[in-house]
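Participant: Sharing upload-v2.txt below, compact mmCIF, C-alpha atoms:
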```
# COMPACT_ATOMS: atom_id res chain seq x y z
CA MET A 1 -65.31 -49.03 159.79
CA ILE A 2 -64.58 -49.47 156.10
CA LYS A 3 -61.29 -51.10 156.99
CA GLU A 4 -63.08 -53.69 159.13
CA PHE A 5 -65.45 -54.38 156.25
CA CYS A 6 -62.49 -54.85 153.89
CA ASP A 7 -60.80 -57.23 156.32
CA TRP A 8 -63.99 -59.24 156.66
CA LEU A 9 -64.68 -59.28 152.91
CA SER A 10 -61.17 -60.37 151.95
CA GLY A 11 -61.54 -63.33 154.29
CA THR A 12 -64.79 -64.64 152.82
CA ASN A 13 -64.78 -67.87 150.81
CA VAL A 14 -65.69 -66.16 147.55
CA SER A 15 -63.00 -63.51 147.93
CA VAL A 16 -60.34 -66.11 148.76
CA ALA A 17 -61.43 -68.16 145.74
CA PHE A 18 -61.14 -65.11 143.45
CA GLN A 19 -57.77 -64.17 144.97
CA SER A 20 -56.27 -67.61 144.47
CA ALA A 21 -57.11 -67.84 140.76
CA ASN A 22 -54.42 -65.69 139.19
CA TRP A 23 -56.32 -65.44 135.89
CA PHE A 24 -59.36 -63.90 137.58
CA VAL A 25 -58.38 -60.25 138.09
CA PRO A 26 -56.73 -59.76 134.66
CA THR A 27 -59.72 -61.37 132.92
CA VAL A 28 -62.32 -59.32 134.80
CA GLN A 29 -60.24 -56.18 134.20
CA THR A 30 -60.16 -56.97 130.46
CA VAL A 31 -63.97 -57.14 130.34
CA HIS A 32 -64.00 -53.92 132.37
CA ILE A 33 -61.69 -52.16 129.88
CA ILE A 34 -63.60 -53.35 126.79
CA SER A 35 -66.83 -52.13 128.40
CA ILE A 36 -65.21 -48.73 129.03
CA ALA A 37 -64.24 -48.68 125.35
CA ILE A 38 -67.86 -49.17 124.28
CA LEU A 39 -69.18 -46.71 126.87
CA LEU A 40 -66.71 -43.89 126.26
CA THR A 41 -66.91 -44.17 122.48
CA SER A 42 -70.72 -43.93 122.67
CA VAL A 43 -70.47 -41.01 125.09
CA TYR A 44 -67.88 -39.20 122.99
CA VAL A 45 -69.84 -39.61 119.73
CA VAL A 46 -72.78 -37.87 121.44
CA SER A 47 -70.55 -35.36 123.25
CA PHE A 48 -68.75 -34.24 120.11
CA ARG A 49 -72.12 -33.58 118.53
CA LEU A 50 -73.34 -31.68 121.61
CA ILE A 51 -70.17 -29.58 121.50
CA GLY A 52 -70.59 -29.01 117.77
CA LEU A 53 -67.27 -30.61 116.80
CA THR A 54 -69.14 -32.93 114.44
CA ARG A 55 -72.14 -31.66 112.57
CA ARG A 56 -73.00 -33.99 109.70
CA GLY A 57 -74.54 -37.41 109.98
CA GLN A 58 -77.50 -38.55 112.00
CA PRO A 59 -79.53 -36.09 114.08
CA LEU A 60 -78.57 -35.70 117.73
CA ALA A 61 -81.79 -37.35 118.91
CA THR A 62 -81.01 -40.44 116.79
CA LEU A 63 -77.42 -40.62 118.06
CA VAL A 64 -78.60 -40.43 121.66
CA ALA A 65 -81.44 -42.93 121.15
CA LYS A 66 -79.07 -45.46 119.56
CA SER A 67 -76.37 -45.04 122.19
CA THR A 68 -78.75 -45.25 125.16
CA PRO A 69 -78.96 -49.09 125.40
CA TRP A 70 -75.20 -49.45 124.95
CA VAL A 71 -74.53 -46.84 127.65
CA TRP A 72 -76.72 -48.44 130.30
CA ILE A 73 -75.79 -52.04 129.49
CA THR A 74 -72.06 -51.25 129.66
CA LEU A 75 -72.56 -49.28 132.89
CA CYS A 76 -74.19 -52.41 134.37
CA VAL A 77 -71.33 -54.62 133.15
CA LEU A 78 -68.84 -52.11 134.57
CA LEU A 79 -70.65 -52.17 137.90
CA GLY A 80 -70.68 -55.97 137.91
CA THR A 81 -67.01 -56.38 136.99
CA GLY A 82 -66.16 -53.60 139.44
CA ILE A 83 -67.95 -55.44 142.24
CA LEU A 84 -66.07 -58.64 141.36
CA LEU A 85 -62.75 -56.77 141.50
CA THR A 86 -63.68 -55.14 144.80
CA ILE A 87 -64.69 -58.48 146.32
CA THR A 88 -61.30 -59.86 145.29
CA GLU A 89 -59.24 -56.92 146.60
CA PRO A 90 -61.49 -54.84 148.88
CA ALA A 91 -58.82 -52.57 150.37
CA ARG A 92 -57.30 -51.79 146.98
CA GLU A 93 -60.57 -50.12 146.00
CA LEU A 94 -62.47 -49.07 149.08
CA LEU A 95 -59.58 -47.48 150.99
CA ASN A 96 -58.25 -45.69 147.92
CA TRP A 97 -59.05 -42.02 147.26
CA ALA A 98 -58.53 -42.41 143.50
CA PHE A 99 -61.27 -45.06 143.53
CA ARG A 100 -63.62 -42.76 145.42
CA VAL A 101 -62.97 -39.89 143.03
CA LYS A 102 -63.60 -42.28 140.14
CA MET A 103 -66.95 -43.36 141.63
CA LEU A 104 -68.03 -39.72 142.04
CA MET A 105 -67.15 -39.06 138.42
CA VAL A 106 -69.00 -42.16 137.23
CA MET A 107 -72.11 -40.96 139.04
CA ALA A 108 -71.70 -37.48 137.57
CA LEU A 109 -71.37 -38.91 134.06
CA ALA A 110 -74.39 -41.17 134.51
CA GLY A 111 -76.37 -38.18 135.72
CA ILE A 112 -75.35 -36.08 132.73
CA LEU A 113 -76.25 -38.87 130.31
CA LEU A 114 -79.63 -39.32 131.98
CA VAL A 115 -80.44 -35.60 131.66
CA VAL A 116 -79.45 -35.55 127.98
CA GLN A 117 -81.45 -38.71 127.22
CA VAL A 118 -84.60 -37.79 129.15
CA ARG A 119 -84.85 -34.28 127.70
CA LEU A 120 -84.47 -35.59 124.16
CA ARG A 121 -87.10 -38.25 124.58
CA ARG A 122 -89.71 -35.63 125.40
CA SER A 123 -88.52 -33.19 122.74
CA PRO A 124 -86.08 -34.19 119.96
CA GLU A 125 -85.16 -30.55 119.43
CA TYR A 126 -84.55 -29.81 123.12
CA TRP A 127 -80.80 -29.21 122.87
CA THR A 128 -80.86 -27.35 119.56
CA GLU A 129 -83.98 -25.20 119.61
CA SER A 130 -82.43 -22.04 121.07
CA ARG A 131 -79.05 -20.41 121.54
CA THR A 132 -79.23 -20.94 125.31
CA ARG A 133 -79.93 -24.64 124.83
CA ARG A 134 -77.09 -24.98 122.33
CA LEU A 135 -74.69 -23.35 124.79
CA ALA A 136 -75.93 -25.66 127.53
CA ALA A 137 -75.42 -28.62 125.20
CA ARG A 138 -71.87 -27.50 124.50
CA ALA A 139 -71.10 -27.19 128.22
CA ILE A 140 -72.59 -30.63 128.88
CA GLY A 141 -70.62 -32.17 126.03
CA ILE A 142 -67.35 -30.66 127.26
CA ALA A 143 -68.12 -31.84 130.80
CA ALA A 144 -68.77 -35.39 129.58
CA VAL A 145 -65.49 -35.47 127.64
CA ILE A 146 -63.49 -34.23 130.65
CA ILE A 147 -65.25 -36.52 133.13
CA GLY A 148 -64.75 -39.51 130.81
CA ALA A 149 -61.02 -38.83 130.64
CA GLY A 150 -61.03 -38.29 134.41
CA ILE A 151 -62.64 -41.67 135.02
CA VAL A 152 -59.96 -43.44 132.97
CA THR A 153 -57.22 -41.48 134.76
CA ALA A 154 -58.57 -42.11 138.26
CA GLY A 155 -59.12 -45.76 137.38
CA ARG A 156 -55.52 -46.26 136.33
CA TRP A 157 -54.16 -44.33 139.31
CA ILE A 158 -55.90 -46.65 141.78
CA ALA A 159 -52.88 -48.88 141.22
CA TYR A 160 -50.43 -46.10 142.01
CA VAL A 161 -51.78 -44.19 145.02
CA MET B 1 -26.60 -60.68 121.43
CA ALA B 2 -26.79 -57.62 119.22
CA LEU B 3 -30.53 -57.09 119.79
CA GLU B 4 -30.21 -57.28 123.57
CA GLN B 5 -27.34 -54.80 123.41
CA ALA B 6 -29.47 -52.44 121.35
CA LEU B 7 -32.40 -52.76 123.77
CA THR B 8 -30.09 -52.09 126.71
CA ARG B 9 -28.71 -49.01 124.96
CA LEU B 10 -32.29 -47.87 124.27
CA GLN B 11 -33.41 -48.10 127.87
CA ASP B 12 -30.22 -46.36 129.04
CA LEU B 13 -30.98 -43.27 126.97
CA PRO B 14 -31.89 -40.14 128.98
CA LEU B 15 -35.66 -40.08 128.39
CA PRO B 16 -36.32 -43.81 128.92
CA THR B 17 -34.20 -43.65 132.06
CA GLN B 18 -36.16 -40.66 133.32
CA ILE B 19 -39.44 -42.47 132.68
CA ARG B 20 -38.21 -45.54 134.50
CA GLU B 21 -36.91 -43.69 137.55
CA SER B 22 -39.75 -41.19 137.91
CA ASP B 23 -42.70 -41.71 140.25
CA TRP B 24 -45.24 -40.16 137.94
CA MET B 25 -44.00 -40.34 134.35
CA PHE B 26 -44.78 -43.98 133.63
CA PRO B 27 -48.27 -43.87 135.25
CA THR B 28 -49.06 -40.70 133.29
CA ILE B 29 -47.90 -42.14 129.95
CA GLU B 30 -49.76 -45.35 130.75
CA THR B 31 -52.94 -43.37 131.46
CA VAL B 32 -52.68 -41.64 128.07
CA HIS B 33 -52.13 -45.10 126.54
CA VAL B 34 -55.26 -46.51 128.19
CA PHE B 35 -57.38 -43.51 127.22
CA ALA B 36 -56.25 -43.72 123.59
CA LEU B 37 -56.68 -47.49 123.37
CA VAL B 38 -60.18 -47.22 124.77
CA LEU B 39 -61.09 -45.03 121.78
CA VAL B 40 -59.24 -47.30 119.33
CA VAL B 41 -61.12 -50.36 120.56
CA GLY B 42 -64.48 -48.56 120.77
CA THR B 43 -64.33 -47.12 117.25
CA ILE B 44 -63.06 -50.38 115.73
CA MET B 45 -65.81 -52.30 117.52
CA THR B 46 -68.39 -49.92 116.03
CA VAL B 47 -67.14 -50.73 112.52
CA ASP B 48 -66.89 -54.47 113.26
CA LEU B 49 -70.39 -54.62 114.73
CA ARG B 50 -71.67 -52.98 111.54
CA LEU B 51 -69.85 -55.61 109.48
CA LEU B 52 -71.42 -58.35 111.55
CA GLY B 53 -74.84 -56.75 111.25
CA PHE B 54 -75.27 -56.16 114.98
CA ALA B 55 -75.47 -52.36 114.95
CA ASN B 56 -76.18 -49.46 112.58
CA LYS B 57 -77.68 -51.91 110.09
CA GLU B 58 -79.73 -49.20 108.42
CA ARG B 59 -76.67 -47.11 107.59
CA PRO B 60 -74.24 -47.79 104.72
CA PHE B 61 -71.07 -49.50 105.93
CA SER B 62 -68.92 -46.88 104.19
CA GLN B 63 -70.62 -44.11 106.19
CA VAL B 64 -70.06 -45.83 109.55
CA ALA B 65 -66.44 -46.53 108.58
CA SER B 66 -65.71 -43.01 107.34
CA GLU B 67 -67.10 -41.54 110.57
CA MET B 68 -65.13 -43.83 112.89
CA LEU B 69 -61.82 -44.61 111.22
CA PRO B 70 -60.18 -41.15 111.27
CA TRP B 71 -60.60 -41.22 115.05
CA THR B 72 -59.27 -44.78 115.14
CA TRP B 73 -56.09 -43.74 113.39
CA ALA B 74 -55.61 -40.61 115.51
CA ALA B 75 -56.14 -42.54 118.75
CA PHE B 76 -53.91 -45.37 117.51
CA ALA B 77 -51.07 -42.93 116.83
CA VAL B 78 -51.33 -41.60 120.40
CA ALA B 79 -51.54 -45.13 121.86
CA ALA B 80 -48.56 -46.28 119.81
CA LEU B 81 -46.45 -43.29 120.85
CA ALA B 82 -47.28 -43.81 124.52
CA GLY B 83 -46.61 -47.52 124.11
CA MET B 84 -43.20 -46.91 122.56
CA LEU B 85 -42.26 -44.56 125.40
CA MET B 86 -43.29 -47.18 127.99
CA PHE B 87 -41.46 -49.92 126.08
CA SER B 88 -38.29 -47.86 125.88
CA SER B 89 -38.17 -47.40 129.65
CA LYS B 90 -37.74 -51.16 130.22
CA ALA B 91 -37.01 -52.45 126.73
CA LEU B 92 -35.25 -55.68 127.75
CA THR B 93 -37.96 -56.61 130.25
CA TYR B 94 -40.83 -56.04 127.85
CA TYR B 95 -39.06 -57.64 124.91
CA SER B 96 -38.76 -60.93 126.77
CA ASN B 97 -42.29 -60.74 128.25
CA ILE B 98 -44.60 -63.35 126.69
CA PRO B 99 -47.87 -61.37 126.94
CA PHE B 100 -46.09 -58.39 125.36
CA ARG B 101 -45.00 -60.55 122.43
CA LEU B 102 -48.51 -61.94 122.09
CA LYS B 103 -49.91 -58.39 122.07
CA MET B 104 -47.48 -57.31 119.34
CA ALA B 105 -48.25 -60.42 117.26
CA CYS B 106 -52.00 -59.77 117.54
CA LEU B 107 -51.50 -56.10 116.62
CA LEU B 108 -49.66 -57.24 113.50
CA LEU B 109 -52.42 -59.73 112.68
CA ALA B 110 -55.07 -57.05 113.25
CA GLY B 111 -53.21 -54.77 110.86
CA ILE B 112 -52.96 -57.50 108.23
CA ASN B 113 -56.66 -58.27 108.69
CA MET B 114 -57.52 -54.60 108.21
CA ALA B 115 -55.29 -54.27 105.13
CA MET B 116 -56.73 -57.42 103.55
CA PHE B 117 -60.25 -56.23 104.21
CA HIS B 118 -59.50 -52.81 102.76
CA TRP B 119 -57.99 -54.19 99.56
CA LEU B 120 -60.16 -57.25 99.01
CA GLY B 121 -63.32 -56.71 101.05
CA THR B 122 -64.19 -53.28 99.73
CA ARG B 123 -63.72 -54.19 96.09
CA HIS B 124 -67.43 -54.58 95.38
CA LEU B 125 -68.50 -52.30 98.20
CA GLU B 126 -71.40 -50.74 96.28
CA ALA B 127 -73.00 -54.16 96.02
CA TRP B 128 -73.25 -54.67 99.78
CA ASP B 129 -72.69 -51.23 101.31
CA ARG B 130 -76.36 -50.81 102.17
CA GLY B 131 -77.18 -54.42 102.84
CA ARG B 132 -75.64 -57.41 104.48
CA PRO B 133 -71.88 -57.72 103.95
CA PRO B 134 -70.55 -60.86 102.25
CA ARG B 135 -69.23 -63.69 104.38
CA ALA B 136 -65.58 -62.67 103.95
CA ALA B 137 -66.32 -59.18 105.25
CA LYS B 138 -68.14 -60.64 108.26
CA LEU B 139 -65.19 -62.93 108.96
CA ALA B 140 -62.87 -59.92 108.87
CA GLY B 141 -65.14 -58.14 111.36
CA GLY B 142 -65.27 -61.13 113.67
CA ALA B 143 -61.52 -61.67 113.46
CA SER B 144 -60.96 -58.02 114.25
CA LEU B 145 -63.14 -58.20 117.37
CA LEU B 146 -61.36 -61.32 118.59
CA LEU B 147 -57.89 -59.91 117.91
CA TRP B 148 -58.59 -56.62 119.69
CA ALA B 149 -60.08 -58.38 122.71
CA THR B 150 -56.89 -60.45 122.85
CA ILE B 151 -54.77 -57.33 122.50
CA VAL B 152 -56.53 -55.76 125.50
CA ALA B 153 -56.20 -58.97 127.52
CA ALA B 154 -52.52 -59.45 126.65
CA GLY B 155 -51.87 -55.80 127.46
CA ARG B 156 -53.41 -56.27 130.90
CA TRP B 157 -51.36 -59.44 131.47
CA ILE B 158 -48.12 -57.53 130.86
CA GLY B 159 -48.82 -55.63 134.05
CA PHE B 160 -49.22 -58.86 135.99
CA THR B 161 -46.08 -60.52 134.66
CA THR B 162 -43.50 -57.72 134.88
```
Could you rewrite the structure in this file as structure tokens?

Facilitator:
Amino acid sequence: MIKEFCDWLSGTNVSVAFQSANWFVPTVQTVHIISIAILLTSVYVVSFRLIGLTRRGQPLATLVAKSTPWVWITLCVLLGTGILLTITEPARELLNWAFRVKMLMVMALAGILLVVQVRLRRSPEYWTESRTRRLAARAIGIAAVIIGAGIVTAGRWIAYV
Amino acid sequence: MALEQALTRLQDLPLPTQIRESDWMFPTIETVHVFALVLVVGTIMTVDLRLLGFANKERPFSQVASEMLPWTWAAFAVAALAGMLMFSSKALTYYSNIPFRLKMACLLLAGINMAMFHWLGTRHLEAWDRGRPPRAAKLAGGASLLLWATIVAAGRWIGFTT
């Protein structure tokens, strides 16, 4: 069923137009990569603090509050550029298991970020006010670091599997 | 030509040959390269956006820079090492690739821009550390953003032209 969708999509006018402009995919991918740079750096700054690797500087709640707009804006840009790339080469993405793994990890990361952000908005001390919370914060931070690296890995391996 | 002979000898060495002939070595090294460069670009952008007054305006520039730049250097070292390994596997091909040359030229320019900013732009740092940077510092920040965006773009183009 997905294969039929890919065949149909790759034959549409817009897909053919994107395919025939050989600057299109590299340019969209460049925007995609720069957006990942902004997203992952924001995520890692927060994650390293959650883990306790960095301690000085702004409070966790401030770090998270400042990074929140950047995180969600870049996720939207990544979704948009991703859709453009998928329209251009539907099978390359939709029939590829590395792509599917990547999407699962993106959703997991977004979920983690949402939990961290929402909890902090209600209570700035949420992740630091008890030993249990601090351990949870460390686990979440480690998960975010690993998932972030996993997203980059899966993304690159789309081209190879 | 002596250079082309040297590049051929480089790519014929055991490790570069292994990288070139393996199914998984190049993709793995490339993945490390992408992961590292993502952190290089992200941390540099944070500093540049502070210079341009678009983010972290309430914090002293020197604080933003001292928090980001150690990570920039560490990530850059990893990216450069991975890049050299990839280059060595097909040295002749990459050497004559136009996007690759553009990327190297922009890396050099970005380095010069950073050095000039460090030696000239931070001379009277105390005067503007907490406020708006002088025009020259903003220009350095803007140039840095443009150069790094070009580096990413040129890097991507290598993959489409080799």

Participant: Smallest atom-to-atom distance to Arg156 in chain A: which of A:Asn96, A:Ser15, A:Gln117, A:Thr74, using only C-alpha atoms?

Facilitator: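 Of all the options, A:Asn96 lies closest to Arg156 in chain A.
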
Participant: Measuring atom to atom with all atoms listed in the file, identify which of A:Asn13, A:Leu135, A:Met105, A:Ala159 is nearest to Ala91 in chain A.

Facilitator: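 Nearest to Ala91 in chain A: A:Ala159.
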
Participant: Set the cut-off to 10 Å and count all atoms listed in the file: what are the residues of chain B that reach chain A? Output as a PyMOL selection string.

Facilitator: chain B and resi 23-24+27-28+30-32+34-46+55-56+59+63-64+67-68+148-160

Participant: Distance CA of Met86 in chain B-CA of Gly111 in chain B, one decimal place?

Facilitator: 21.2 Å

Participant: Report the distance between CA of Pro59 in chain A and CA of Trp71 in chain B in Å, rounded to one decimal place.

Facilitator: 19.6 Å

Participant: I need the residue nearest Val46 in chain A from this list: A:Ile87, A:Ala65, A:Thr128, A:Leu79. Use all atoms listed in the file for the distance.

Facilitator: A:Ala65

Participant: Check the smallest atom-to-atom distance from each of B:Leu139, B:Ile112, B:Leu147, B:Leu10 to Leu51 in chain B using all atoms listed in the file, then report the winner.

Facilitator: B:Leu139

Participant: Take the point (-68.8, -40.9, 133.7) as written in the file and pick out every residue within 7 Å of it, counting only C-alpha atoms; give the list as an NGL selection string.

Facilitator: :A and (105-110 or 144 or 147-148 or 151)

Participant: Produce a file of the selected residues containing C-alpha atoms, as a short mmCIF file (atom, residue, chain, number, x, y, z; two decimals), in the frame of the given file.

Facilitator:
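Result file is out-v7.cif:
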```cif
data_model
loop_
_atom_site.label_atom_id
_atom_site.label_comp_id
_atom_site.auth_asym_id
_atom_site.auth_seq_id
_atom_site.Cartn_x
_atom_site.Cartn_y
_atom_site.Cartn_z
CA MET A 105 -67.15 -39.06 138.42
CA VAL A 106 -69.00 -42.16 137.23
CA MET A 107 -72.11 -40.96 139.04
CA ALA A 108 -71.70 -37.48 137.57
CA LEU A 109 -71.37 -38.91 134.06
CA ALA A 110 -74.39 -41.17 134.51
CA ALA A 144 -68.77 -35.39 129.58
CA ILE A 147 -65.25 -36.52 133.13
CA GLY A 148 -64.75 -39.51 130.81
CA ILE A 151 -62.64 -41.67 135.02
#
```

Participant: Would you please work out which residue, of B:Arg9, B:Lys103, B:Lys90, B:Arg50, is nearest to Trp128 in chain B when using all atoms listed in the file?

Facilitator: B:Arg50

Participant: Using CA of Thr8 in chain B and CA of Thr162 in chain B as the two end points, give the distance in Å to one decimal.

Facilitator: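 Those two atoms sit 16.7 Å apart.
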
Participant: Just the residues within 12 Å of Phe117 in chain B, please, counting only C-alpha atoms, with nothing from its chain fewer than 2 positions along; format it as a ChimeraX atom specification.

Facilitator: /B:48,51,110-115,119-125,133-144

Participant: Box along x, y and z, 8 Å on every side, all listed atoms of range 99-106 of chain A inside: centre and edge lengths in Å to one decimal, as JSON.

Facilitator:
```
{"center_x": -65.1, "center_y": -42.1, "center_z": 141.3, "size_x": 23.7, "size_y": 22.0, "size_z": 24.2}
```

Participant: Excluding Tyr126 in chain A and any residue of its chain fewer than 2 positions from it, enumerate the residues within 12 Å of it, using all atoms listed in the file, and give them as a VMD selection string.

Facilitator: chain A and resid 50 60 to 61 115 to 124 128 to 137
